[in-house]
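Reviewing the structure listed below.
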Amino acid sequence: MRRLPLLVPVLWLGLLVALPLLVVLVLSVSWPAEGVPPFTLPGVAGLNGDAFALVLGDPYYRAAFGKALVVAGSTAGLCLLLAFPMALGLARARAAWRAPLLLLVLLPFWTGFLPRLGAWIGLLRDEGWINHLLQAWGLIETPLPLLYSWPALFLGMVHAYLPFAVLPLYASLSRLEPVLEEAAADLGANGFTAFRTVTLPLATPGAAAAFLLVFIPAAGEYVIPELLGPPSAQVVGRVLWQEFFQNRDWPTAAALAVLLLLALLVPIHLFQRLEARA
Amino acid sequence: MSTPLLSLRGLLKRFGETVALDRLDLDVPSGEFLALLGGSGSGKSTLLRMVAGFEAPDAGQVLFDGRDLAGVPPHARPLNMMFQSYALFPHLTVSGNVAYGLRREGVPRAERDRRVAGALAMVGLEGFDRRLPHRLSGGQRQRVALARALVKRPRLLLLDEPLGALDAGLRERTGFELRALQRETGAAFIMVTHDQGEALALADRVAVLEQGRLVQLGPPRAVYERPATRFVASFLGGANVLEGQPDGAGGLDCPTLGGTLRPAGPLPPATTACALRPERIALRPGASGTNTAAGIIEEVAFRGDDSLLLVRMPGGAVLRVGHAEEDGAPPPRGSTVQLAWEAAAVVPLLG
């Protein structure tokens, strides 16, 4: 009976993480086929390495990985830049103000993800509010191509992922003792120097955690590039979706998923080390 | 008289309804070791933070070398502070912490290294330069904090409960070291403490604060032996404070004692209380006349070098009486004892 509490997470992880992972892994070395489902298992014919060879060899797929990393890295960097002053403001706010301010940070989660993207589309599209207003004021004659652009993509990404950056930063900044900056001031550091030499280095683990917490899910993002981004934003998530649903090439899609996971093991490991240290 | 190093003039500070400092005046000459003694809420920490520049006074001046420090931010003030919890930078090594202030001054590398090594040697931390603070003991951290402040060679060092976080065993030794460092550097030290023993043992002068007011200032012995007020008398050494009325013949008639206290000197006319230290009261069988009284021992507490007796007097007062070990075992509880004290032990209180 004492093992029962352990059994629940093991079952949970086994059914919802390990098993799907195994399915994807098997798929990635299966043979494509016409029919339903569109593959045959790597049984008699042996393992099929074609999908991996294709994904690793073709510049199209390599570029998809590169774009995903650039999009994820830029999103995480932008989130960090915005989140740092927010988290600092939260950490230094009066105690009574903190809970309502934190609630505001989390407020976007109260609306579904897709409705929020729908709202952006409504704002940005050619017949959208922004273009409509600009035209009404006579500032422009033809609508600006706001939607399906890189800025729109990053707008959506930052909007979706910002809270994930604010929270770990806030946690690490609120743990800093204000007396440390006083000690720095007492030893001759002005406000900016005290911030640069004391607060900033002490917030670095929190900042790295915030970066990774955005980077890791952003690297596999499919919906935002699809709905807001330009056609050239062929990130790996989008390519994977196309392989799976449009080309019905399940082994290639699975190989993409496996390689994305492998690529993310490094930042995931870094994040866990940071969390263990904090 | 030359300008004092630090001069506080009419410092006033309110936090909402409470008055933290109530028009406080204080002069500190160069090279003095001053203890600011008071309970929590006495304003002693506020005073220190005001000198360091972390709090601004609502009224009054902080003069350093005759120069008004109003509007001078903490980082530009010519003094240093040792913080209560030490406030070491956790991401910097011991030598990084000590070098921090010198870097801000732009001291060249070679001189910086030399001075950091010198400061670490001064506090006995050679060989610890590359440790991080969390790998140090409490006593070692205290020394790093001290070295970090002293390496700047301040003429005034503020110390906020410098011994408060140390084990009892370390406190005495560290206190002596603090005293020696103060003499060696020639800097003025202002130490905030709530521990009367620390204040009396280390300081040249003790300033006793109560509710934002300076109630007594003087050398430790004078403050201890001639407390000015009821608060100082009971706060330092737990003197008996006896209330009464002047009897018109130079004595204070104390109904709770069931007798009259007669000081050696004249009793100031408006006196309504006198202090009498426990160790100045002796058990003297058969004693009678002025400055004697009889009571019943209610409690006996052995304290090592002496015993503390609680003696109930006929008027209801309970006197604390010290009984030295060399005088033999104290009488048991319930005994009636005759108490006597010298006139010099009776200290009229002004407030």
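Just so we're on the same page: first chain in the structure tokens is A, next is B, and so on; residues restart at 1 for each chain, and ligands are numbered from 1 in the order they show up.
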Residues within 10 Å of Gly77 (chain A), only C-alpha atoms, excluding chain neighbours under 4 positions, as a short mmCIF file (atom, residue, chain, number, x, y, z; two decimals) with N, CA and C atoms, in the first residue's frame:
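What follows is the written file out17.cif:
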data_model
loop_
_atom_site.label_atom_id
_atom_site.label_comp_id
_atom_site.auth_asym_id
_atom_site.auth_seq_id
_atom_site.Cartn_x
_atom_site.Cartn_y
_atom_site.Cartn_z
N VAL A 71 13.40 32.28 -33.90
CA VAL A 71 12.14 32.82 -33.40
C VAL A 71 12.05 32.64 -31.88
N ALA A 72 12.41 31.42 -31.40
CA ALA A 72 12.32 31.16 -29.97
C ALA A 72 13.30 32.04 -29.20
N GLY A 73 14.53 32.15 -29.72
CA GLY A 73 15.54 32.96 -29.04
C GLY A 73 15.14 34.43 -29.01
N LEU A 81 13.51 41.32 -21.92
CA LEU A 81 13.65 42.78 -21.88
C LEU A 81 12.43 43.44 -21.28
N LEU A 82 11.24 42.94 -21.67
CA LEU A 82 10.01 43.53 -21.15
C LEU A 82 9.74 43.08 -19.72
N ALA A 83 10.09 41.81 -19.45
CA ALA A 83 9.73 41.23 -18.15
C ALA A 83 10.59 41.80 -17.03
N VAL A 158 5.30 37.30 -28.06
CA VAL A 158 5.61 37.99 -26.81
C VAL A 158 4.36 38.08 -25.93
N ALA A 165 7.95 34.66 -18.49
CA ALA A 165 9.23 35.31 -18.18
C ALA A 165 9.12 36.14 -16.91
N ALA A 207 16.93 35.30 -14.53
CA ALA A 207 16.78 35.76 -15.91
C ALA A 207 17.00 34.60 -16.88
N ALA A 210 14.01 32.43 -16.81
CA ALA A 210 12.92 33.07 -17.54
C ALA A 210 13.12 32.89 -19.04
N PHE A 211 14.36 33.09 -19.49
CA PHE A 211 14.67 32.94 -20.91
C PHE A 211 14.32 31.53 -21.40
N LEU A 212 14.78 30.52 -20.62
CA LEU A 212 14.58 29.14 -21.05
C LEU A 212 13.11 28.74 -20.97
N VAL A 214 10.65 30.49 -21.63
CA VAL A 214 10.00 30.97 -22.85
C VAL A 214 10.55 30.23 -24.06
N PHE A 215 11.87 30.08 -24.09
CA PHE A 215 12.53 29.50 -25.26
C PHE A 215 12.03 28.08 -25.56
#
_Would you mind listing, as a list in words, all residues of chain B that have at least one atom within 7 Å of chain A, where only C-alpha atoms are what counts?_
Pro74, His75, Ala76, Asn80, Met81, Ala87, Phe89, His91, Gly101 and Arg104 of chain B
*CA of Ala264 (chain B) and CA of Gln245 (chain B), how far apart in Å?*
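Going from CA of Gln245 (chain B) over to CA of Ala264 (chain B) covers 16.9 Å.
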*asked:* Set the distance at 10 Å and use only C-alpha atoms: which residues neighbour region 60-65 of chain B once local chain neighbours fewer than 5 positions away are removed? I'd like the list as JSON, numbers by chain.
replied: {"B": [2, 3, 4, 5, 6, 7, 8, 9, 10, 11, 12, 13, 23, 24, 25, 26, 27, 28, 29, 30, 50, 51, 52, 53, 70, 77, 78, 79, 156]}
Could you turn the residues from that selection into a file that holds N, CA and C atoms, as a PDB file, in the first residue's frame?
ATOM      1  N   SER B   2      37.460  72.251  19.276  1.00  0.00           N
ATOM      2  CA  SER B   2      37.461  72.003  17.829  1.00  0.00           C
ATOM      3  C   SER B   2      36.109  71.443  17.392  1.00  0.00           C
ATOM      4  N   THR B   3      35.850  71.501  16.076  1.00  0.00           N
ATOM      5  CA  THR B   3      34.595  70.995  15.531  1.00  0.00           C
ATOM      6  C   THR B   3      34.508  69.497  15.802  1.00  0.00           C
ATOM      7  N   PRO B   4      33.385  69.014  16.285  1.00  0.00           N
ATOM      8  CA  PRO B   4      33.251  67.555  16.423  1.00  0.00           C
ATOM      9  C   PRO B   4      33.197  66.911  15.045  1.00  0.00           C
ATOM     10  N   LEU B   5      33.600  65.636  14.965  1.00  0.00           N
ATOM     11  CA  LEU B   5      33.561  64.939  13.680  1.00  0.00           C
ATOM     12  C   LEU B   5      32.121  64.863  13.173  1.00  0.00           C
ATOM     13  N   LEU B   6      31.245  64.458  14.062  1.00  0.00           N
ATOM     14  CA  LEU B   6      29.834  64.347  13.685  1.00  0.00           C
ATOM     15  C   LEU B   6      29.011  65.144  14.675  1.00  0.00           C
ATOM     16  N   SER B   7      28.095  65.914  14.124  1.00  0.00           N
ATOM     17  CA  SER B   7      27.273  66.736  14.990  1.00  0.00           C
ATOM     18  C   SER B   7      25.828  66.617  14.533  1.00  0.00           C
ATOM     19  N   LEU B   8      24.975  66.171  15.438  1.00  0.00           N
ATOM     20  CA  LEU B   8      23.557  66.049  15.113  1.00  0.00           C
ATOM     21  C   LEU B   8      22.824  67.177  15.816  1.00  0.00           C
ATOM     22  N   ARG B   9      22.044  67.926  15.038  1.00  0.00           N
ATOM     23  CA  ARG B   9      21.368  69.107  15.598  1.00  0.00           C
ATOM     24  C   ARG B   9      19.870  68.988  15.416  1.00  0.00           C
ATOM     25  N   GLY B  10      19.180  68.799  16.515  1.00  0.00           N
ATOM     26  CA  GLY B  10      17.712  68.838  16.499  1.00  0.00           C
ATOM     27  C   GLY B  10      17.071  67.865  15.522  1.00  0.00           C
ATOM     28  N   LEU B  11      17.628  66.645  15.437  1.00  0.00           N
ATOM     29  CA  LEU B  11      17.089  65.678  14.469  1.00  0.00           C
ATOM     30  C   LEU B  11      15.680  65.247  14.859  1.00  0.00           C
ATOM     31  N   LEU B  12      14.783  65.363  13.870  1.00  0.00           N
ATOM     32  CA  LEU B  12      13.389  64.999  14.098  1.00  0.00           C
ATOM     33  C   LEU B  12      12.977  64.051  12.978  1.00  0.00           C
ATOM     34  N   LYS B  13      12.331  62.951  13.355  1.00  0.00           N
ATOM     35  CA  LYS B  13      11.835  62.028  12.337  1.00  0.00           C
ATOM     36  C   LYS B  13      10.546  61.392  12.828  1.00  0.00           C
ATOM     37  N   ARG B  23      13.850  65.636  18.174  1.00  0.00           N
ATOM     38  CA  ARG B  23      14.771  66.780  18.303  1.00  0.00           C
ATOM     39  C   ARG B  23      16.027  66.385  19.083  1.00  0.00           C
ATOM     40  N   LEU B  24      16.774  65.510  18.470  1.00  0.00           N
ATOM     41  CA  LEU B  24      17.928  64.942  19.152  1.00  0.00           C
ATOM     42  C   LEU B  24      19.215  65.684  18.795  1.00  0.00           C
ATOM     43  N   ASP B  25      19.988  66.023  19.806  1.00  0.00           N
ATOM     44  CA  ASP B  25      21.298  66.653  19.617  1.00  0.00           C
ATOM     45  C   ASP B  25      22.372  65.715  20.123  1.00  0.00           C
ATOM     46  N   LEU B  26      23.462  65.606  19.358  1.00  0.00           N
ATOM     47  CA  LEU B  26      24.555  64.726  19.789  1.00  0.00           C
ATOM     48  C   LEU B  26      25.818  65.119  19.036  1.00  0.00           C
ATOM     49  N   ASP B  27      26.920  65.215  19.762  1.00  0.00           N
ATOM     50  CA  ASP B  27      28.219  65.476  19.139  1.00  0.00           C
ATOM     51  C   ASP B  27      29.130  64.276  19.349  1.00  0.00           C
ATOM     52  N   VAL B  28      29.837  63.897  18.307  1.00  0.00           N
ATOM     53  CA  VAL B  28      30.782  62.782  18.416  1.00  0.00           C
ATOM     54  C   VAL B  28      32.140  63.273  17.954  1.00  0.00           C
ATOM     55  N   PRO B  29      33.142  63.334  18.861  1.00  0.00           N
ATOM     56  CA  PRO B  29      34.472  63.772  18.439  1.00  0.00           C
ATOM     57  C   PRO B  29      35.201  62.689  17.649  1.00  0.00           C
ATOM     58  N   SER B  30      36.259  63.092  16.958  1.00  0.00           N
ATOM     59  CA  SER B  30      37.090  62.140  16.200  1.00  0.00           C
ATOM     60  C   SER B  30      37.616  61.053  17.121  1.00  0.00           C
ATOM     61  N   MET B  50      20.002  57.532   9.443  1.00  0.00           N
ATOM     62  CA  MET B  50      19.962  58.931   9.057  1.00  0.00           C
ATOM     63  C   MET B  50      21.369  59.471   8.832  1.00  0.00           C
ATOM     64  N   VAL B  51      22.297  59.057   9.666  1.00  0.00           N
ATOM     65  CA  VAL B  51      23.682  59.485   9.487  1.00  0.00           C
ATOM     66  C   VAL B  51      24.239  58.891   8.193  1.00  0.00           C
ATOM     67  N   ALA B  52      23.863  57.630   7.904  1.00  0.00           N
ATOM     68  CA  ALA B  52      24.353  56.979   6.688  1.00  0.00           C
ATOM     69  C   ALA B  52      23.683  57.528   5.434  1.00  0.00           C
ATOM     70  N   GLY B  53      22.528  58.185   5.620  1.00  0.00           N
ATOM     71  CA  GLY B  53      21.848  58.791   4.474  1.00  0.00           C
ATOM     72  C   GLY B  53      20.703  57.971   3.924  1.00  0.00           C
ATOM     73  N   ALA B  70      22.876  67.267   4.407  1.00  0.00           N
ATOM     74  CA  ALA B  70      21.535  67.235   3.812  1.00  0.00           C
ATOM     75  C   ALA B  70      21.644  67.144   2.294  1.00  0.00           C
ATOM     76  N   ARG B  77      28.628  59.903   0.949  1.00  0.00           N
ATOM     77  CA  ARG B  77      28.922  60.315   2.329  1.00  0.00           C
ATOM     78  C   ARG B  77      30.263  59.744   2.780  1.00  0.00           C
ATOM     79  N   PRO B  78      31.047  60.567   3.480  1.00  0.00           N
ATOM     80  CA  PRO B  78      32.403  60.160   3.846  1.00  0.00           C
ATOM     81  C   PRO B  78      32.419  59.273   5.083  1.00  0.00           C
ATOM     82  N   LEU B  79      31.601  58.248   5.115  1.00  0.00           N
ATOM     83  CA  LEU B  79      31.563  57.354   6.265  1.00  0.00           C
ATOM     84  C   LEU B  79      31.088  56.007   5.780  1.00  0.00           C
ATOM     85  N   LEU B 156      34.649  57.706  10.141  1.00  0.00           N
ATOM     86  CA  LEU B 156      33.511  57.358  10.988  1.00  0.00           C
ATOM     87  C   LEU B 156      32.923  56.043  10.499  1.00  0.00           C
TER      88      LEU B 156
END
*Can you check which residues of region 50-153 of chain A DSSP gives as alpha helix (DSSP H) on the backbone and send them as a ChimeraX atom specification?*
/A:50-57,59-92,95-106,113-124,129-136,150-153
Would you export the selected residues with C-alpha atoms as an mmCIF file, in the first residue's frame, please?
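The resulting file, again-v5.cif, is shown below:
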data_model
loop_
_atom_site.group_PDB
_atom_site.id
_atom_site.type_symbol
_atom_site.label_atom_id
_atom_site.label_comp_id
_atom_site.auth_asym_id
_atom_site.auth_seq_id
_atom_site.Cartn_x
_atom_site.Cartn_y
_atom_site.Cartn_z
ATOM 1 C CA ASP A 50 14.929 7.542 -44.525
ATOM 2 C CA ALA A 51 12.940 10.082 -42.530
ATOM 3 C CA PHE A 52 15.932 11.060 -40.395
ATOM 4 C CA ALA A 53 18.226 11.126 -43.434
ATOM 5 C CA LEU A 54 15.761 13.415 -45.214
ATOM 6 C CA VAL A 55 15.231 15.756 -42.291
ATOM 7 C CA LEU A 56 18.926 16.003 -41.478
ATOM 8 C CA GLY A 57 20.067 16.275 -45.111
ATOM 9 C CA PRO A 59 18.270 22.306 -46.355
ATOM 10 C CA TYR A 60 14.513 22.984 -46.199
ATOM 11 C CA TYR A 61 14.187 21.116 -42.893
ATOM 12 C CA ARG A 62 17.470 22.412 -41.542
ATOM 13 C CA ALA A 63 16.257 25.943 -42.231
ATOM 14 C CA ALA A 64 13.021 25.153 -40.363
ATOM 15 C CA PHE A 65 15.059 24.230 -37.295
ATOM 16 C CA GLY A 66 17.198 27.333 -37.676
ATOM 17 C CA LYS A 67 14.129 29.583 -37.970
ATOM 18 C CA ALA A 68 12.517 27.949 -34.946
ATOM 19 C CA LEU A 69 15.609 28.593 -32.857
ATOM 20 C CA VAL A 70 15.839 32.194 -34.048
ATOM 21 C CA VAL A 71 12.136 32.815 -33.396
ATOM 22 C CA ALA A 72 12.321 31.162 -29.968
ATOM 23 C CA GLY A 73 15.541 32.964 -29.043
ATOM 24 C CA SER A 74 14.249 36.359 -30.175
ATOM 25 C CA THR A 75 10.933 35.824 -28.420
ATOM 26 C CA ALA A 76 12.698 34.830 -25.218
ATOM 27 C CA GLY A 77 15.039 37.827 -25.501
ATOM 28 C CA LEU A 78 12.181 40.270 -26.123
ATOM 29 C CA CYS A 79 10.187 38.766 -23.249
ATOM 30 C CA LEU A 80 13.192 39.107 -20.962
ATOM 31 C CA LEU A 81 13.655 42.778 -21.883
ATOM 32 C CA LEU A 82 10.005 43.527 -21.153
ATOM 33 C CA ALA A 83 9.725 41.234 -18.146
ATOM 34 C CA PHE A 84 12.734 42.590 -16.257
ATOM 35 C CA PRO A 85 11.336 46.059 -15.538
ATOM 36 C CA MET A 86 7.923 44.509 -14.862
ATOM 37 C CA ALA A 87 9.336 42.006 -12.384
ATOM 38 C CA LEU A 88 11.497 44.667 -10.742
ATOM 39 C CA GLY A 89 8.480 46.923 -10.376
ATOM 40 C CA LEU A 90 6.495 44.040 -8.881
ATOM 41 C CA ALA A 91 9.263 43.094 -6.473
ATOM 42 C CA ARG A 92 9.696 46.682 -5.307
ATOM 43 C CA ALA A 95 3.155 44.671 -0.295
ATOM 44 C CA ALA A 96 -0.489 45.677 -0.704
ATOM 45 C CA TRP A 97 0.017 46.321 -4.412
ATOM 46 C CA ARG A 98 1.797 43.092 -5.254
ATOM 47 C CA ALA A 99 -1.141 40.681 -5.395
ATOM 48 C CA PRO A 100 -3.282 42.874 -7.707
ATOM 49 C CA LEU A 101 -0.281 43.585 -9.951
ATOM 50 C CA LEU A 102 0.545 39.877 -10.197
ATOM 51 C CA LEU A 103 -3.069 39.248 -11.077
ATOM 52 C CA LEU A 104 -2.743 41.730 -13.943
ATOM 53 C CA VAL A 105 0.310 39.842 -15.227
ATOM 54 C CA LEU A 106 -1.704 36.634 -15.239
ATOM 55 C CA PHE A 113 -5.257 31.275 -26.359
ATOM 56 C CA LEU A 114 -7.092 31.174 -29.699
ATOM 57 C CA PRO A 115 -9.533 34.010 -28.923
ATOM 58 C CA ARG A 116 -6.523 36.165 -28.029
ATOM 59 C CA LEU A 117 -4.933 35.383 -31.395
ATOM 60 C CA GLY A 118 -8.271 36.041 -33.042
ATOM 61 C CA ALA A 119 -8.270 39.456 -31.395
ATOM 62 C CA TRP A 120 -4.838 40.207 -32.837
ATOM 63 C CA ILE A 121 -6.018 39.158 -36.289
ATOM 64 C CA GLY A 122 -9.020 41.437 -35.896
ATOM 65 C CA LEU A 123 -6.740 44.317 -34.992
ATOM 66 C CA LEU A 124 -4.059 43.739 -37.606
ATOM 67 C CA TRP A 129 -9.317 48.191 -36.497
ATOM 68 C CA ILE A 130 -5.844 49.655 -36.830
ATOM 69 C CA ASN A 131 -5.920 50.037 -40.591
ATOM 70 C CA HIS A 132 -9.510 51.252 -40.388
ATOM 71 C CA LEU A 133 -8.584 53.958 -37.888
ATOM 72 C CA LEU A 134 -5.473 55.031 -39.786
ATOM 73 C CA GLN A 135 -7.552 55.336 -42.959
ATOM 74 C CA ALA A 136 -10.344 57.185 -41.173
ATOM 75 C CA TRP A 150 7.341 39.111 -38.749
ATOM 76 C CA PRO A 151 6.339 41.965 -36.398
ATOM 77 C CA ALA A 152 2.855 40.428 -36.073
ATOM 78 C CA LEU A 153 4.429 37.053 -35.336
#
*Near Ala187 (chain B), counting only C-alpha atoms, which residues have an atom at most 9 Å away, once you skip same-chain residues fewer than 4 positions from it, shown as number ranges by chain?*
B: 30-33, 150, 153-157, 181-183
*Using DSSP on the backbone coordinates, identify all residues within region 93-233 of chain B classified as strand (DSSP E or B); present the result as a PyMOL selection string.*
chain B and resi 156-160+188-193+205-210+213-218
Please produce a file of the residues just selected, as a PDB file, in the first residue's frame, where the atoms kept are N, CA and C atoms.
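File written: out00.pdb
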ATOM      1  N   LEU B 156      34.649  57.706  10.141  1.00  0.00           N
ATOM      2  CA  LEU B 156      33.511  57.358  10.988  1.00  0.00           C
ATOM      3  C   LEU B 156      32.923  56.043  10.499  1.00  0.00           C
ATOM      4  N   LEU B 157      32.812  55.093  11.406  1.00  0.00           N
ATOM      5  CA  LEU B 157      32.193  53.810  11.055  1.00  0.00           C
ATOM      6  C   LEU B 157      30.941  53.630  11.895  1.00  0.00           C
ATOM      7  N   LEU B 158      29.847  53.324  11.217  1.00  0.00           N
ATOM      8  CA  LEU B 158      28.589  53.054  11.914  1.00  0.00           C
ATOM      9  C   LEU B 158      28.426  51.551  12.006  1.00  0.00           C
ATOM     10  N   LEU B 159      28.086  51.048  13.171  1.00  0.00           N
ATOM     11  CA  LEU B 159      27.931  49.600  13.341  1.00  0.00           C
ATOM     12  C   LEU B 159      26.552  49.321  13.916  1.00  0.00           C
ATOM     13  N   ASP B 160      25.751  48.552  13.156  1.00  0.00           N
ATOM     14  CA  ASP B 160      24.390  48.234  13.585  1.00  0.00           C
ATOM     15  C   ASP B 160      24.395  46.849  14.230  1.00  0.00           C
ATOM     16  N   ALA B 188      36.305  57.002  14.360  1.00  0.00           N
ATOM     17  CA  ALA B 188      35.236  57.055  15.349  1.00  0.00           C
ATOM     18  C   ALA B 188      34.260  55.931  15.035  1.00  0.00           C
ATOM     19  N   PHE B 189      33.825  55.219  16.060  1.00  0.00           N
ATOM     20  CA  PHE B 189      32.838  54.156  15.889  1.00  0.00           C
ATOM     21  C   PHE B 189      31.547  54.587  16.575  1.00  0.00           C
ATOM     22  N   ILE B 190      30.435  54.440  15.867  1.00  0.00           N
ATOM     23  CA  ILE B 190      29.139  54.596  16.526  1.00  0.00           C
ATOM     24  C   ILE B 190      28.427  53.265  16.412  1.00  0.00           C
ATOM     25  N   MET B 191      28.225  52.644  17.564  1.00  0.00           N
ATOM     26  CA  MET B 191      27.675  51.295  17.573  1.00  0.00           C
ATOM     27  C   MET B 191      26.271  51.313  18.162  1.00  0.00           C
ATOM     28  N   VAL B 192      25.321  50.769  17.415  1.00  0.00           N
ATOM     29  CA  VAL B 192      23.966  50.614  17.934  1.00  0.00           C
ATOM     30  C   VAL B 192      23.864  49.261  18.612  1.00  0.00           C
ATOM     31  N   THR B 193      23.335  49.239  19.809  1.00  0.00           N
ATOM     32  CA  THR B 193      23.161  47.961  20.479  1.00  0.00           C
ATOM     33  C   THR B 193      21.996  48.046  21.459  1.00  0.00           C
ATOM     34  N   ARG B 205      31.903  56.387  25.390  1.00  0.00           N
ATOM     35  CA  ARG B 205      30.714  57.028  25.949  1.00  0.00           C
ATOM     36  C   ARG B 205      29.494  56.242  25.525  1.00  0.00           C
ATOM     37  N   VAL B 206      28.499  56.243  26.382  1.00  0.00           N
ATOM     38  CA  VAL B 206      27.252  55.556  26.096  1.00  0.00           C
ATOM     39  C   VAL B 206      26.156  56.604  25.974  1.00  0.00           C
ATOM     40  N   ALA B 207      25.391  56.527  24.895  1.00  0.00           N
ATOM     41  CA  ALA B 207      24.235  57.397  24.731  1.00  0.00           C
ATOM     42  C   ALA B 207      22.995  56.522  24.864  1.00  0.00           C
ATOM     43  N   VAL B 208      22.165  56.798  25.859  1.00  0.00           N
ATOM     44  CA  VAL B 208      20.971  55.992  26.070  1.00  0.00           C
ATOM     45  C   VAL B 208      19.789  56.696  25.431  1.00  0.00           C
ATOM     46  N   LEU B 209      19.104  55.966  24.539  1.00  0.00           N
ATOM     47  CA  LEU B 209      17.949  56.523  23.837  1.00  0.00           C
ATOM     48  C   LEU B 209      16.673  55.894  24.357  1.00  0.00           C
ATOM     49  N   GLU B 210      15.662  56.752  24.512  1.00  0.00           N
ATOM     50  CA  GLU B 210      14.351  56.244  24.883  1.00  0.00           C
ATOM     51  C   GLU B 210      13.324  57.035  24.099  1.00  0.00           C
ATOM     52  N   ARG B 213      14.419  60.073  22.197  1.00  0.00           N
ATOM     53  CA  ARG B 213      15.129  61.130  22.919  1.00  0.00           C
ATOM     54  C   ARG B 213      16.401  60.585  23.521  1.00  0.00           C
ATOM     55  N   LEU B 214      17.417  61.462  23.591  1.00  0.00           N
ATOM     56  CA  LEU B 214      18.670  61.101  24.240  1.00  0.00           C
ATOM     57  C   LEU B 214      18.476  61.373  25.726  1.00  0.00           C
ATOM     58  N   VAL B 215      18.370  60.311  26.526  1.00  0.00           N
ATOM     59  CA  VAL B 215      18.068  60.540  27.940  1.00  0.00           C
ATOM     60  C   VAL B 215      19.320  60.643  28.791  1.00  0.00           C
ATOM     61  N   GLN B 216      20.417  60.053  28.352  1.00  0.00           N
ATOM     62  CA  GLN B 216      21.659  60.222  29.107  1.00  0.00           C
ATOM     63  C   GLN B 216      22.849  59.945  28.215  1.00  0.00           C
ATOM     64  N   LEU B 217      23.896  60.713  28.432  1.00  0.00           N
ATOM     65  CA  LEU B 217      25.115  60.564  27.635  1.00  0.00           C
ATOM     66  C   LEU B 217      26.297  60.709  28.561  1.00  0.00           C
ATOM     67  N   GLY B 218      27.202  59.749  28.543  1.00  0.00           N
ATOM     68  CA  GLY B 218      28.378  59.875  29.401  1.00  0.00           C
ATOM     69  C   GLY B 218      29.223  58.625  29.347  1.00  0.00           C
TER      70      GLY B 218
END
*Could you check how far CA of Ala293 (chain B) sits from CA of Gly258 (chain B), in Å to one decimal?*
7.2 Å
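Atom pair CA of Ala345 (chain B) / CA of Arg303 (chain B) has a distance of 22.2 Å (rounded to one decimal).
Around Leu146 (chain B), within 9 Å and counting only C-alpha atoms, the residues found are Met81, Met82, Tyr86, Val98, Ala119, Val123, Leu159, Pro162 and Leu178 of chain B, once anything fewer than 6 positions away on its own chain is removed.
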Those residues you just picked out, can you put them in a file as a PDB file, in the first residue's frame with N, CA and C atoms?
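File written: selection.pdb
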ATOM      1  N   MET B  81      29.326  51.960   6.883  1.00  0.00           N
ATOM      2  CA  MET B  81      28.408  51.317   7.816  1.00  0.00           C
ATOM      3  C   MET B  81      28.602  49.817   7.757  1.00  0.00           C
ATOM      4  N   MET B  82      28.517  49.194   8.925  1.00  0.00           N
ATOM      5  CA  MET B  82      28.492  47.744   8.975  1.00  0.00           C
ATOM      6  C   MET B  82      27.071  47.347   9.318  1.00  0.00           C
ATOM      7  N   TYR B  86      25.045  41.973   8.181  1.00  0.00           N
ATOM      8  CA  TYR B  86      26.311  42.070   7.435  1.00  0.00           C
ATOM      9  C   TYR B  86      26.120  42.476   5.984  1.00  0.00           C
ATOM     10  N   VAL B  98      35.385  42.773  -0.118  1.00  0.00           N
ATOM     11  CA  VAL B  98      36.223  43.796   0.528  1.00  0.00           C
ATOM     12  C   VAL B  98      36.695  44.826  -0.503  1.00  0.00           C
ATOM     13  N   ALA B 119      43.461  44.555   4.888  1.00  0.00           N
ATOM     14  CA  ALA B 119      42.220  44.564   5.666  1.00  0.00           C
ATOM     15  C   ALA B 119      41.872  43.155   6.137  1.00  0.00           C
ATOM     16  N   VAL B 123      41.640  41.628  10.179  1.00  0.00           N
ATOM     17  CA  VAL B 123      40.557  40.921  10.870  1.00  0.00           C
ATOM     18  C   VAL B 123      40.837  39.419  10.968  1.00  0.00           C
ATOM     19  N   LEU B 159      28.086  51.048  13.171  1.00  0.00           N
ATOM     20  CA  LEU B 159      27.931  49.600  13.341  1.00  0.00           C
ATOM     21  C   LEU B 159      26.552  49.321  13.916  1.00  0.00           C
ATOM     22  N   PRO B 162      26.692  45.051  15.853  1.00  0.00           N
ATOM     23  CA  PRO B 162      27.763  44.277  15.204  1.00  0.00           C
ATOM     24  C   PRO B 162      27.979  42.905  15.831  1.00  0.00           C
ATOM     25  N   LEU B 178      36.991  44.301  18.272  1.00  0.00           N
ATOM     26  CA  LEU B 178      36.378  45.519  17.739  1.00  0.00           C
ATOM     27  C   LEU B 178      37.029  46.743  18.378  1.00  0.00           C
TER      28      LEU B 178
END
*Restricting the calculation to only C-alpha atoms, which member of A:Leu227, A:Ser149, A:Ala45, A:Pro38 is positioned closest to Glu243 (chain A)?*
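Closest residue, counting only C-alpha atoms: A:Pro38.
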_Excluding Leu21 (chain A) and its own-chain neighbours fewer than 3 positions away, which residues fall within 12 Å of it when counting only C-alpha atoms? Please give them as a PyMOL selection string._
chain A and resi 13-18+24-28+254-255+257-258+261-262
*asked:* as a list in words, please: the residues near Ser137 (chain B) (cut-off 10 Å, only C-alpha atoms, same-chain neighbours under 5 positions excluded).
replied: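 Once the nearby chain positions are removed, what remains is Gln142, Arg143 and Leu166 of chain B.
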